[in-house]
$ cat my_file-v3.txt   # compact mmCIF, C-alpha atoms and all ligand atoms
# COMPACT_ATOMS: atom_id res chain seq x y z
CA MET A 1 -78.51 -161.38 -158.32
CA LEU A 2 -76.43 -158.42 -157.13
CA ILE A 3 -77.01 -156.96 -153.67
CA VAL A 4 -75.37 -153.59 -153.01
CA ALA A 5 -75.09 -152.96 -149.28
CA ASP A 6 -73.79 -150.41 -146.81
CA GLU A 7 -70.55 -151.92 -145.48
CA ASN A 8 -71.69 -151.08 -141.93
CA ILE A 9 -74.59 -153.54 -141.97
CA PRO A 10 -73.46 -156.41 -139.74
CA LEU A 11 -73.60 -160.07 -140.81
CA LEU A 12 -74.14 -159.37 -144.51
CA ASP A 13 -72.52 -162.66 -145.57
CA SER A 14 -74.31 -164.73 -142.93
CA PHE A 15 -77.76 -163.46 -143.90
CA PHE A 16 -77.46 -162.68 -147.61
CA GLY A 17 -74.46 -164.73 -148.80
CA ASP A 18 -76.61 -167.47 -150.34
CA ILE A 19 -79.14 -165.06 -151.88
CA GLY A 20 -76.77 -163.22 -154.18
CA GLU A 21 -73.42 -161.60 -154.74
CA ILE A 22 -72.81 -158.84 -152.19
CA ARG A 23 -71.06 -155.60 -153.08
CA ARG A 24 -70.14 -153.54 -150.01
CA VAL A 25 -69.94 -149.78 -150.39
CA SER A 26 -69.67 -146.83 -148.04
CA GLY A 27 -73.20 -145.84 -147.07
CA ARG A 28 -72.27 -142.19 -146.62
CA SER A 29 -70.78 -141.75 -150.11
CA MET A 30 -72.92 -144.18 -152.12
CA THR A 31 -73.63 -142.90 -155.65
CA ALA A 32 -75.81 -143.86 -158.61
CA SER A 33 -72.88 -145.64 -160.28
CA ASP A 34 -72.48 -147.90 -157.20
CA VAL A 35 -76.06 -149.15 -157.47
CA ARG A 36 -76.79 -149.03 -161.23
CA ASP A 37 -76.50 -152.79 -161.85
CA ALA A 38 -77.85 -153.89 -158.44
CA ASP A 39 -81.09 -155.85 -158.00
CA ALA A 40 -81.42 -155.09 -154.31
CA LEU A 41 -80.10 -152.24 -152.20
CA LEU A 42 -79.53 -152.51 -148.43
CA VAL A 43 -78.85 -149.31 -146.53
CA ARG A 44 -78.66 -147.73 -143.09
CA SER A 45 -79.69 -144.20 -142.16
CA VAL A 46 -76.76 -142.36 -143.75
CA THR A 47 -77.67 -142.99 -147.41
CA ARG A 48 -80.17 -140.71 -149.14
CA VAL A 49 -82.35 -143.07 -151.14
CA ASN A 50 -84.12 -141.11 -153.86
CA ARG A 51 -84.52 -140.52 -157.59
CA GLU A 52 -80.96 -139.25 -157.87
CA LEU A 53 -79.57 -142.51 -156.51
CA LEU A 54 -81.91 -144.99 -158.17
CA GLU A 55 -83.30 -143.65 -161.46
CA GLY A 56 -82.12 -145.83 -164.34
CA SER A 57 -80.90 -148.62 -162.02
CA ARG A 58 -82.11 -152.26 -161.89
CA VAL A 59 -82.96 -151.98 -158.19
CA ARG A 60 -86.37 -153.54 -157.36
CA PHE A 61 -85.99 -153.84 -153.60
CA VAL A 62 -84.66 -151.41 -150.99
CA GLY A 63 -84.25 -152.40 -147.35
CA THR A 64 -83.05 -150.15 -144.54
CA ALA A 65 -81.78 -151.94 -141.43
CA THR A 66 -83.01 -149.02 -139.31
CA ILE A 67 -86.14 -147.79 -137.60
CA GLY A 68 -86.02 -144.28 -139.08
CA THR A 69 -86.98 -143.79 -142.72
CA ASP A 70 -86.45 -140.04 -143.17
CA HIS A 71 -83.46 -140.76 -145.47
CA VAL A 72 -85.74 -142.50 -147.96
CA ASP A 73 -88.02 -140.81 -150.50
CA LEU A 74 -90.92 -143.20 -149.97
CA PRO A 75 -93.36 -141.61 -152.46
CA TRP A 76 -90.72 -141.74 -155.21
CA LEU A 77 -89.95 -145.41 -154.50
CA GLU A 78 -93.64 -146.25 -154.57
CA GLY A 79 -94.11 -144.40 -157.87
CA ALA A 80 -91.13 -146.25 -159.33
CA GLY A 81 -92.59 -149.61 -158.24
CA ILE A 82 -89.64 -150.40 -155.97
CA ARG A 83 -90.47 -152.50 -152.92
CA PHE A 84 -89.33 -150.93 -149.66
CA SER A 85 -88.88 -152.35 -146.22
CA ALA A 86 -87.56 -150.89 -142.95
CA ALA A 87 -86.84 -152.53 -139.60
CA PRO A 88 -89.47 -151.12 -137.22
CA GLY A 89 -88.63 -151.62 -133.58
CA CYS A 90 -85.32 -153.41 -134.26
CA ASN A 91 -83.32 -151.30 -131.83
CA ALA A 92 -86.14 -149.91 -129.65
CA ASN A 93 -84.90 -151.76 -126.57
CA SER A 94 -81.36 -150.48 -127.11
CA VAL A 95 -82.61 -146.87 -127.17
CA ALA A 96 -84.75 -147.48 -124.05
CA GLU A 97 -81.66 -148.81 -122.23
CA TYR A 98 -79.64 -145.77 -123.36
CA VAL A 99 -82.33 -143.46 -121.89
CA LEU A 100 -82.48 -145.40 -118.60
CA SER A 101 -78.69 -145.11 -118.24
CA VAL A 102 -78.83 -141.38 -118.96
CA ILE A 103 -81.62 -140.89 -116.38
CA SER A 104 -79.67 -142.88 -113.81
CA LEU A 105 -76.58 -140.68 -114.33
CA HIS A 106 -78.73 -137.55 -114.07
CA ALA A 107 -80.39 -138.74 -110.85
CA GLU A 108 -76.98 -139.44 -109.35
CA LYS A 109 -75.69 -136.01 -110.43
CA GLN A 110 -78.75 -134.47 -108.74
CA GLY A 111 -77.98 -136.38 -105.56
CA LEU A 112 -81.38 -138.14 -105.66
CA GLU A 113 -81.73 -141.11 -103.36
CA ASP A 114 -84.52 -142.61 -105.44
CA TRP A 115 -84.39 -142.08 -109.21
CA THR A 116 -88.08 -142.95 -109.53
CA ASN A 117 -88.91 -139.61 -107.88
CA LEU A 118 -88.26 -138.07 -111.30
CA SER A 119 -91.26 -137.61 -113.58
CA VAL A 120 -90.58 -138.48 -117.22
CA GLY A 121 -92.34 -137.04 -120.28
CA ILE A 122 -92.07 -139.10 -123.46
CA VAL A 123 -92.70 -137.34 -126.76
CA GLY A 124 -93.44 -139.87 -129.51
CA VAL A 125 -94.92 -143.08 -128.17
CA GLY A 126 -94.23 -145.62 -130.89
CA ASN A 127 -91.93 -148.62 -130.66
CA VAL A 128 -89.18 -146.80 -128.75
CA GLY A 129 -91.38 -144.52 -126.62
CA SER A 130 -93.68 -147.40 -125.61
CA GLU A 131 -90.78 -149.66 -124.66
CA LEU A 132 -89.29 -146.87 -122.57
CA ALA A 133 -92.65 -146.08 -120.94
CA ARG A 134 -93.22 -149.76 -120.13
CA LYS A 135 -89.85 -150.04 -118.36
CA LEU A 136 -90.24 -146.73 -116.50
CA GLU A 137 -93.78 -147.49 -115.33
CA ARG A 138 -92.74 -150.93 -114.07
CA LEU A 139 -89.89 -149.26 -112.20
CA GLY A 140 -92.37 -146.91 -110.54
CA PHE A 141 -91.72 -143.62 -112.35
CA GLU A 142 -94.52 -141.16 -113.08
CA VAL A 143 -94.68 -141.11 -116.88
CA ARG A 144 -96.51 -138.66 -119.14
CA LEU A 145 -97.04 -139.52 -122.79
CA CYS A 146 -97.35 -137.10 -125.70
CA ASP A 147 -98.29 -138.41 -129.15
CA PRO A 148 -100.88 -136.27 -130.97
CA PRO A 149 -101.08 -138.55 -134.06
CA ARG A 150 -101.86 -141.56 -131.86
CA ALA A 151 -104.19 -139.54 -129.65
CA GLU A 152 -106.18 -138.43 -132.71
CA LEU A 153 -106.29 -141.93 -134.15
CA GLU A 154 -107.54 -143.43 -130.91
CA GLU A 155 -110.12 -140.66 -130.57
CA SER A 156 -111.38 -141.15 -134.13
CA ARG A 157 -111.78 -144.88 -133.47
CA GLN A 158 -113.37 -144.08 -130.12
CA GLU A 159 -110.92 -146.51 -128.57
CA PRO A 160 -110.06 -146.31 -124.89
CA GLY A 161 -106.36 -145.72 -125.27
CA GLU A 162 -103.45 -144.15 -123.44
CA ASN A 163 -104.03 -141.01 -121.46
CA PHE A 164 -102.07 -138.69 -123.77
CA VAL A 165 -101.11 -135.17 -122.72
CA THR A 166 -99.96 -132.13 -124.69
CA LEU A 167 -96.36 -131.25 -125.47
CA ALA A 168 -96.68 -128.31 -123.05
CA ASP A 169 -97.69 -130.74 -120.25
CA THR A 170 -94.79 -133.02 -121.09
CA LEU A 171 -92.36 -130.13 -120.87
CA GLN A 172 -93.26 -129.79 -117.16
CA CYS A 173 -91.67 -133.16 -116.35
CA ASP A 174 -88.27 -133.52 -114.68
CA VAL A 175 -87.08 -135.48 -117.72
CA VAL A 176 -88.29 -134.96 -121.30
CA SER A 177 -87.27 -137.64 -123.79
CA LEU A 178 -87.86 -137.21 -127.53
CA HIS A 179 -88.70 -140.25 -129.66
CA THR A 180 -90.52 -138.96 -132.71
CA PRO A 181 -89.56 -139.58 -136.31
CA LEU A 182 -88.34 -136.59 -138.34
CA THR A 183 -91.24 -135.28 -140.42
CA ARG A 184 -91.62 -132.03 -142.31
CA ASP A 185 -95.23 -132.32 -143.51
CA GLY A 186 -98.55 -133.56 -142.19
CA SER A 187 -100.57 -132.23 -139.30
CA HIS A 188 -97.86 -132.80 -136.67
CA PRO A 189 -94.48 -132.14 -138.30
CA THR A 190 -91.55 -132.68 -135.97
CA PHE A 191 -88.89 -130.58 -137.75
CA HIS A 192 -87.77 -128.01 -135.12
CA MET A 193 -90.70 -129.06 -132.92
CA ILE A 194 -88.55 -128.05 -129.94
CA GLY A 195 -87.68 -124.42 -130.69
CA GLN A 196 -87.15 -121.20 -128.80
CA GLN A 197 -90.63 -121.22 -127.21
CA GLU A 198 -90.46 -124.83 -125.99
CA LEU A 199 -86.89 -124.40 -124.74
CA ALA A 200 -87.97 -121.35 -122.76
CA GLU A 201 -90.37 -123.64 -120.84
CA LEU A 202 -87.47 -125.78 -119.60
CA SER A 203 -85.36 -124.72 -116.67
CA ALA A 204 -82.41 -125.84 -114.55
CA GLY A 205 -83.04 -129.15 -112.86
CA GLN A 206 -84.86 -130.51 -115.90
CA LEU A 207 -83.23 -132.94 -118.31
CA LEU A 208 -83.92 -132.91 -122.06
CA ILE A 209 -82.90 -136.05 -123.99
CA ASN A 210 -82.99 -136.36 -127.77
CA ALA A 211 -82.49 -139.87 -129.16
CA GLY A 212 -84.89 -139.42 -132.09
CA ARG A 213 -83.51 -137.25 -134.88
CA GLY A 214 -81.32 -134.15 -134.53
CA GLU A 215 -83.56 -131.85 -136.57
CA VAL A 216 -86.44 -132.28 -134.09
CA ILE A 217 -84.64 -129.67 -131.95
CA ASP A 218 -83.73 -126.29 -133.43
CA SER A 219 -80.08 -126.38 -132.47
CA SER A 220 -79.49 -122.62 -132.91
CA ALA A 221 -82.30 -122.01 -130.42
CA LEU A 222 -80.82 -124.66 -128.14
CA LEU A 223 -77.39 -123.03 -128.26
CA GLU A 224 -78.97 -119.71 -127.35
CA ARG A 225 -80.95 -121.28 -124.52
CA LEU A 226 -77.86 -123.00 -123.12
CA ALA A 227 -76.02 -119.67 -123.08
CA GLN A 228 -78.73 -118.18 -120.81
CA GLY A 229 -79.11 -118.69 -117.08
CA ASN A 230 -81.39 -121.33 -115.55
CA SER A 231 -80.95 -123.59 -118.58
CA PRO A 232 -81.88 -127.29 -118.57
CA THR A 233 -79.43 -130.16 -118.65
CA VAL A 234 -79.27 -131.66 -122.15
CA ALA A 235 -78.26 -135.09 -123.44
CA LEU A 236 -78.02 -135.39 -127.23
CA ASP A 237 -77.48 -138.61 -129.14
CA VAL A 238 -78.67 -137.14 -132.45
CA TRP A 239 -77.66 -133.88 -134.11
CA GLU A 240 -78.52 -131.55 -136.90
CA GLN A 241 -76.26 -132.01 -139.92
CA GLU A 242 -74.64 -135.28 -138.93
CA PRO A 243 -71.80 -136.09 -139.36
CA ARG A 244 -70.64 -132.44 -139.45
CA ILE A 245 -72.17 -131.53 -136.14
CA ASN A 246 -71.67 -128.26 -134.30
CA PRO A 247 -68.74 -128.63 -131.86
CA GLU A 248 -69.99 -125.64 -129.88
CA LEU A 249 -73.19 -127.56 -129.12
CA VAL A 250 -71.14 -130.60 -128.06
CA ASP A 251 -69.30 -128.29 -125.65
CA ARG A 252 -72.51 -126.89 -124.18
CA VAL A 253 -74.49 -130.09 -123.61
CA TRP A 254 -74.04 -132.36 -120.62
CA LEU A 255 -73.92 -135.68 -122.50
CA ALA A 256 -72.98 -135.93 -126.17
CA THR A 257 -73.01 -139.25 -128.02
CA PRO A 258 -72.55 -139.96 -131.77
CA HIS A 259 -76.02 -141.34 -132.70
CA ILE A 260 -75.44 -144.70 -131.07
CA ALA A 261 -78.45 -145.06 -128.76
CA GLY A 262 -79.69 -147.92 -130.96
CA TYR A 263 -76.27 -149.52 -131.40
CA SER A 264 -76.58 -152.57 -129.17
CA LEU A 265 -75.42 -155.70 -131.00
CA GLU A 266 -78.93 -157.11 -130.60
CA GLY A 267 -80.48 -153.98 -132.16
CA LYS A 268 -78.13 -153.98 -135.13
CA VAL A 269 -78.43 -157.69 -135.83
CA GLN A 270 -82.23 -157.55 -135.54
CA GLY A 271 -82.16 -154.76 -138.14
CA THR A 272 -80.25 -157.02 -140.55
CA GLU A 273 -82.60 -159.92 -139.77
CA MET A 274 -85.68 -157.83 -140.56
CA ILE A 275 -84.47 -156.75 -143.99
CA TYR A 276 -83.30 -160.32 -144.68
CA GLN A 277 -86.84 -161.51 -143.94
CA ALA A 278 -88.35 -158.82 -146.16
CA LEU A 279 -86.01 -159.53 -149.08
CA SER A 280 -86.59 -163.27 -148.75
CA GLN A 281 -90.35 -162.71 -148.83
CA PHE A 282 -90.01 -160.42 -151.85
CA LEU A 283 -88.02 -163.09 -153.69
CA GLY A 284 -90.27 -165.93 -152.55
CA LEU A 285 -87.43 -167.60 -150.63
CA PRO A 286 -87.79 -169.49 -147.34
CA ILE A 287 -86.75 -167.68 -144.15
CA ARG A 288 -84.19 -169.93 -142.48
CA LYS A 289 -81.99 -167.61 -140.45
CA LYS A 290 -82.59 -165.90 -137.14
CA ALA A 291 -80.71 -163.10 -135.39
CA GLY A 292 -80.28 -165.23 -132.24
CA GLN A 293 -78.12 -167.81 -134.02
CA PHE A 294 -75.48 -165.18 -134.77
CA LEU A 295 -75.28 -163.50 -131.35
CA PRO A 296 -72.07 -164.52 -129.53
CA GLU A 297 -71.84 -165.23 -125.80
CA PRO A 298 -71.65 -161.84 -124.04
CA ALA A 299 -68.34 -160.86 -122.41
CA LEU A 300 -70.30 -160.10 -119.23
CA SER A 301 -72.87 -162.81 -118.60
CA LYS A 302 -73.40 -162.74 -114.83
CA LEU A 303 -73.59 -160.26 -111.95
CA SER A 304 -74.28 -161.07 -108.29
CA PHE A 305 -75.79 -159.00 -105.49
CA THR A 306 -76.44 -159.93 -101.89
CA SER A 307 -78.83 -158.55 -99.28
CA SER A 308 -76.21 -156.00 -98.18
CA ALA A 309 -76.43 -154.22 -101.56
CA ASP A 310 -78.03 -150.78 -101.59
CA GLU A 311 -80.89 -151.00 -104.13
CA GLU A 312 -80.09 -147.81 -106.04
CA ASP A 313 -76.41 -148.74 -106.21
CA ALA A 314 -77.20 -152.24 -107.43
CA ILE A 315 -79.38 -150.92 -110.27
CA ARG A 316 -76.79 -148.29 -111.22
CA ILE A 317 -73.97 -150.83 -111.24
CA ALA A 318 -75.88 -153.35 -113.33
CA LEU A 319 -77.18 -150.79 -115.84
CA ARG A 320 -73.78 -149.20 -116.33
CA ALA A 321 -72.01 -152.55 -116.53
CA CYS A 322 -74.10 -153.10 -119.67
CA TYR A 323 -74.00 -149.56 -120.98
CA ASP A 324 -72.41 -146.38 -119.66
CA PRO A 325 -73.02 -143.39 -122.01
CA ARG A 326 -70.05 -141.52 -120.51
CA ARG A 327 -67.64 -143.65 -122.54
CA ASP A 328 -69.34 -142.60 -125.81
CA ASP A 329 -69.49 -139.01 -124.57
CA ALA A 330 -65.72 -138.97 -123.93
CA ARG A 331 -64.99 -140.42 -127.38
CA LEU A 332 -67.16 -137.84 -129.14
CA ARG A 333 -65.63 -134.91 -127.24
CA HIS A 334 -62.17 -136.19 -128.11
CA ALA A 335 -63.18 -136.45 -131.80
CA MET A 336 -64.36 -132.82 -131.73
CA ASP A 337 -60.87 -131.71 -130.63
CA GLY A 338 -59.52 -132.52 -134.11
CA ALA A 339 -59.19 -130.13 -137.06
CA PRO A 340 -62.59 -128.92 -138.42
CA ALA A 341 -62.33 -130.98 -141.64
CA GLU A 342 -61.55 -134.11 -139.61
CA ARG A 343 -64.58 -133.90 -137.30
CA GLY A 344 -67.21 -135.29 -139.71
CA PRO A 345 -65.12 -138.34 -140.66
CA ALA A 346 -64.26 -138.83 -136.98
CA PHE A 347 -67.99 -138.83 -136.07
CA ASP A 348 -68.59 -141.51 -138.69
CA ARG A 349 -65.58 -143.55 -137.54
CA LEU A 350 -66.92 -143.63 -133.98
CA ARG A 351 -70.09 -145.18 -135.36
CA ARG A 352 -68.36 -147.55 -137.80
CA ASP A 353 -65.91 -148.87 -135.20
CA TYR A 354 -68.44 -148.98 -132.37
CA PRO A 355 -67.46 -151.49 -129.66
CA VAL A 356 -69.71 -154.46 -129.04
CA ARG A 357 -72.46 -153.44 -126.64
CA ARG A 358 -74.87 -156.04 -125.31
CA GLU A 359 -78.37 -155.46 -123.96
CA CYS A 360 -79.33 -156.09 -120.33
CA SER A 361 -81.19 -159.24 -121.35
CA SER A 362 -77.82 -160.88 -122.08
CA VAL A 363 -76.83 -160.64 -118.39
CA LYS A 364 -78.09 -162.97 -115.69
CA ILE A 365 -78.36 -161.36 -112.26
CA GLN A 366 -77.85 -163.59 -109.28
CA LEU A 367 -79.61 -162.30 -106.16
CA LYS A 368 -79.16 -163.65 -102.64
CA GLY A 369 -81.53 -162.42 -99.97
CA THR A 370 -82.42 -159.21 -101.79
CA SER A 371 -85.83 -157.54 -101.59
CA LYS A 372 -88.76 -158.25 -103.90
CA SER A 373 -88.67 -154.62 -105.06
CA LEU A 374 -85.06 -154.96 -106.26
CA GLN A 375 -85.97 -158.14 -108.11
CA ASP A 376 -88.90 -156.36 -109.76
CA SER A 377 -86.68 -153.43 -110.77
CA PHE A 378 -84.14 -155.70 -112.44
CA ARG A 379 -86.92 -157.50 -114.29
CA ALA A 380 -88.45 -154.19 -115.36
CA ILE A 381 -85.18 -153.13 -116.96
CA GLY A 382 -84.92 -156.43 -118.82
CA PHE A 383 -82.31 -158.41 -116.88
CA LYS A 384 -82.75 -162.16 -116.41
CA LEU A 385 -82.78 -163.20 -112.76
CA LYS A 386 -81.41 -166.15 -110.85
CA ILE A 387 -82.67 -166.10 -107.26
N1 LIG B 1 -80.79 -142.53 -131.74
C1 LIG B 1 -80.96 -143.70 -132.28
O1 LIG B 1 -80.04 -144.51 -132.34
C2 LIG B 1 -82.31 -144.11 -132.80
C3 LIG B 1 -82.64 -145.47 -132.82
C4 LIG B 1 -83.91 -145.84 -133.26
C5 LIG B 1 -84.81 -144.87 -133.68
N2 LIG B 1 -84.44 -143.57 -133.68
C6 LIG B 1 -85.40 -142.52 -134.11
O2 LIG B 1 -86.51 -142.59 -133.23
C7 LIG B 1 -87.69 -142.45 -134.00
C8 LIG B 1 -88.83 -143.14 -133.29
O3 LIG B 1 -88.67 -144.54 -133.35
P1 LIG B 1 -89.92 -145.51 -133.13
O4 LIG B 1 -89.45 -146.88 -133.44
O5 LIG B 1 -90.52 -145.30 -131.80
O6 LIG B 1 -90.87 -145.01 -134.27
P2 LIG B 1 -92.44 -145.25 -134.37
O7 LIG B 1 -92.80 -144.89 -135.76
O8 LIG B 1 -92.77 -146.61 -133.85
O9 LIG B 1 -93.06 -144.20 -133.35
C9 LIG B 1 -92.97 -142.82 -133.50
C10 LIG B 1 -94.13 -142.19 -132.76
O10 LIG B 1 -93.98 -140.78 -132.82
C11 LIG B 1 -95.29 -140.25 -132.95
N3 LIG B 1 -95.26 -138.88 -133.46
C12 LIG B 1 -95.19 -138.45 -134.74
N4 LIG B 1 -95.22 -137.11 -134.80
C13 LIG B 1 -95.31 -136.68 -133.52
C14 LIG B 1 -95.37 -135.39 -132.92
N5 LIG B 1 -95.37 -134.28 -133.65
N6 LIG B 1 -95.44 -135.32 -131.57
C15 LIG B 1 -95.43 -136.44 -130.81
N7 LIG B 1 -95.41 -137.69 -131.33
C16 LIG B 1 -95.33 -137.80 -132.66
C17 LIG B 1 -95.99 -141.21 -133.88
O11 LIG B 1 -97.40 -141.08 -133.81
C18 LIG B 1 -95.49 -142.54 -133.37
O12 LIG B 1 -96.34 -143.09 -132.39
C19 LIG B 1 -87.33 -143.07 -135.36
O13 LIG B 1 -88.13 -142.52 -136.39
C20 LIG B 1 -85.91 -142.70 -135.52
O14 LIG B 1 -85.81 -141.49 -136.22
C21 LIG B 1 -83.22 -143.16 -133.24
O1 LIG B 2 -83.29 -145.21 -137.11
C1 LIG B 2 -82.55 -146.00 -136.52
O2 LIG B 2 -82.80 -147.23 -136.46
C2 LIG B 2 -81.37 -145.50 -135.77
O3 LIG B 2 -81.26 -144.12 -135.83
C3 LIG B 2 -80.13 -146.22 -136.18
O4 LIG B 2 -79.42 -146.55 -135.02
C4 LIG B 2 -79.30 -145.44 -137.11
O5 LIG B 2 -78.07 -146.07 -137.32
P1 LIG B 2 -77.31 -145.93 -138.70
O6 LIG B 2 -78.22 -146.43 -139.75
O7 LIG B 2 -77.04 -144.47 -138.91
O8 LIG B 2 -76.10 -146.77 -138.57

$ encode --input "my_file-v3.txt" --output "structure tokens"
Amino acid sequence: MLIVADENIPLLDSFFGDIGEIRRVSGRSMTASDVRDADALLVRSVTRVNRELLEGSRVRFVGTATIGTDHVDLPWLEGAGIRFSAAPGCNANSVAEYVLSVISLHAEKQGLEDWTNLSVGIVGVGNVGSELARKLERLGFEVRLCDPPRAELEESRQEPGENFVTLADTLQCDVVSLHTPLTRDGSHPTFHMIGQQELAELSAGQLLINAGRGEVIDSSALLERLAQGNSPTVALDVWEQEPRINPELVDRVWLATPHIAGYSLEGKVQGTEMIYQALSQFLGLPIRKKAGQFLPEPALSKLSFTSSADEEDAIRIALRACYDPRRDDARLRHAMDGAPAERGPAFDRLRRDYPVRRECSSVKIQLKGTSKSLQDSFRAIGFKLKI
């Protein structure tokens, strides 16, 4: 059995080595000739999986080690009888931690003494949005949720569900964080969902975060908005036309990262684990391997705080010890300084050579004489505590 896989999927040998022969190829430049004699294809988000890639091949199974599926022509795969599996939720916690770190930096920049005074609107309340909402609510933030597809579903089932609000209501929050998939059809398409009109609703003091897909924001409209007065602060992890993103937009936004919100080691390895499970099931093989067995000891495993620690400082220090988006921002800005033809490859290299980043759950926090509220905050974020 031949498995063709994106070379950027971690732990290919550990998970798939005893299932078949593995051929590693570049996900970005994968062609029909790379996959023609494959039985299974394993991708990440940078490979367009469609008729052009797969027609005439032996491929019977496609797995993407990602949450998003907008790079895959699902109806075509179904019509061709090819089994498909994604990795829903694999890196949801990683994205939630990215957003918390961004909010904490924003609160500090605003000179806020208590970051929970910010209201947060979450657009798209699936795996990522729900995880983020859960953490924020436990921390004490006011959170507004916008998810028309879920709202309609819950209404049609007459289920008592979340108290969803409209996009317009969400845009009134101090922070607006986008977590929808990229869709172009259906009753709630997200392509350019945030355009000129929505951007006009946002003003200085507000923070707009996009860690969903770049095309959810109309970037020409965003560039225009950022050139006007009273414009919001913007943090972008995802971009239109990756990897050849617009350097002018990078210049104009406050935080710019190269689509790495979901790039914790845990998130990536869970993605591999989920497609390993799906392929094993498809082939009728036992599932013997687990992501946890391949996760190394973290470089930072313990942090200590005593009663003298200021609560806000302690949270900031711990969060940023795990993940500080400013490092990724600096790397991306540096990459944009290169020659125009070099920028796309540089964007991809930042992602391919991404340093190991561990989630907060890998760090044990030792607390001596600290308040119950600080303990609760650390737990809400996902740290393990030793009191
Ligand atoms: N930046 C990153 O590294 C990164 C990592 C993981 C996921 N993502 C992106 O984030 C997206 C969301 O991930 P998820 O796991 O939460 O997906 P999900 O499918 O679990 O949830 C998406 C939610 O968005 C809602 N939605 C759809 N259209 C909407 C609209 N027009 N307005 C408001 N809500 C709408 C859906 O009803 C659903 O509840 C993924 O599709 C992926 O594109 C990015
Ligand atoms: O959809 C996802 O899971 C994320 O966007 C993921 O982090 C994308 O990473 P990539 O496949 O581009 O490496």

$ closest_residue --input "my_file-v3.txt" --among "A:Arg379, A:Arg213, A:His259, A:Arg44" --to "ligand LIG 2 (chain B)" --atoms "only C-alpha atoms and all ligand atoms"
A:Arg44

$ closest_atom_pairs --input "my_file-v3.txt" --of "chain A" --to "ligand LIG 2 (chain B)" --cutoff "9 Å" --atoms "all atoms listed in the file" --output "Markdown table"
| residue | atom | partner | partner_atom | distance |
| --- | --- | --- | --- | --- |
| A:Asn8 | CA | B:LIG2 | O8 | 7.0 |
| A:Ile9 | CA | B:LIG2 | O8 | 7.7 |
| A:Gly27 | CA | B:LIG2 | O6 | 8.9 |
| A:Val43 | CA | B:LIG2 | O6 | 7.4 |
| A:Arg44 | CA | B:LIG2 | O6 | 3.6 |
| A:Ser45 | CA | B:LIG2 | O6 | 3.6 |
| A:Val46 | CA | B:LIG2 | O7 | 5.3 |
| A:Thr47 | CA | B:LIG2 | O6 | 8.4 |
| A:Thr64 | CA | B:LIG2 | O6 | 7.8 |
| A:Ala65 | CA | B:LIG2 | O6 | 6.8 |
| A:Thr66 | CA | B:LIG2 | O2 | 3.4 |
| A:Ile67 | CA | B:LIG2 | O2 | 3.6 |
| A:Gly68 | CA | B:LIG2 | O1 | 3.5 |
| A:Thr69 | CA | B:LIG2 | O1 | 6.9 |
| A:Asp70 | CA | B:LIG2 | O1 | 8.6 |
| A:Ala86 | CA | B:LIG2 | O2 | 8.8 |
| A:Ala87 | CA | B:LIG2 | O2 | 7.4 |
| A:Pro88 | CA | B:LIG2 | O2 | 7.8 |
| A:Gly89 | CA | B:LIG2 | O2 | 7.8 |
| A:Cys90 | CA | B:LIG2 | O2 | 7.0 |
| A:Asn91 | CA | B:LIG2 | O2 | 6.2 |
| A:Ala92 | CA | B:LIG2 | O2 | 8.0 |
| A:Val95 | CA | B:LIG2 | O4 | 8.5 |
| A:Pro181 | CA | B:LIG2 | O1 | 8.5 |
| A:Ala211 | CA | B:LIG2 | O3 | 8.0 |
| A:Gly212 | CA | B:LIG2 | O3 | 7.0 |
| A:Arg213 | CA | B:LIG2 | O3 | 7.3 |
| A:Val238 | CA | B:LIG2 | O3 | 8.2 |
| A:His259 | CA | B:LIG2 | O4 | 6.6 |
| A:Ile260 | CA | B:LIG2 | O4 | 5.9 |
| A:Ala261 | CA | B:LIG2 | O4 | 6.5 |
| A:Gly262 | CA | B:LIG2 | O4 | 4.3 |
| A:Tyr263 | CA | B:LIG2 | O4 | 5.6 |
| A:Ser264 | CA | B:LIG2 | O4 | 8.9 |
| A:Gly267 | CA | B:LIG2 | O4 | 8.0 |
| A:Lys268 | CA | B:LIG2 | O4 | 7.5 |
| A:Gly271 | CA | B:LIG2 | O2 | 7.7 |
| A:Asp348 | CA | B:LIG2 | O7 | 9.0 |
| A:Arg351 | CA | B:LIG2 | O8 | 7.0 |
| A:Arg352 | CA | B:LIG2 | O8 | 7.8 |

$ closest_residue --input "my_file-v3.txt" --among "A:Glu78, A:Arg331, A:Gly229, A:Gly214" --to "Leu249 (chain A)" --atoms "all atoms listed in the file"
A:Gly214

$ atom_distance --input "my_file-v3.txt" --atom1 "CA of Gln277 (chain A)" --atom2 "CA of Phe84 (chain A)"
12.3 Å

$ closest_residue --input "my_file-v3.txt" --among "A:Lys289, A:His188, A:Arg320, A:Lys302" --to "ligand LIG 1 (chain B)" --atoms "all atoms listed in the file"
A:His188

$ residues_around --input "my_file-v3.txt" --residues "Asp324 (chain A)" --least-positions-apart "6" --cutoff "10 Å" --atoms "all atoms listed in the file" --output "ChimeraX atom specification"
/A:97-98,101-102,104-105,316-317,357

$ residues_near_point --input "my_file-v3.txt" --point "(-80.8, -154.0, -152.0)" --cutoff "8 Å" --atoms "all atoms listed in the file" --output "PyMOL selection string"
chain A and resi 3-5+38-43+59-63

$ residues_near_point --input "my_file-v3.txt" --point "(-74.7, -131.8, -125.6)" --cutoff "10 Å" --atoms "only C-alpha atoms" --output "count of residues only"
27

$ axis_aligned_box --input "my_file-v3.txt" --around "ligand LIG 1 (chain B)" --padding-each-side "6 Å" --output "lines of an AutoDock Vina configuration file"
center_x = -88.7
center_y = -140.6
center_z = -133.6
size_x = 29.4
size_y = 24.6
size_z = 17.6
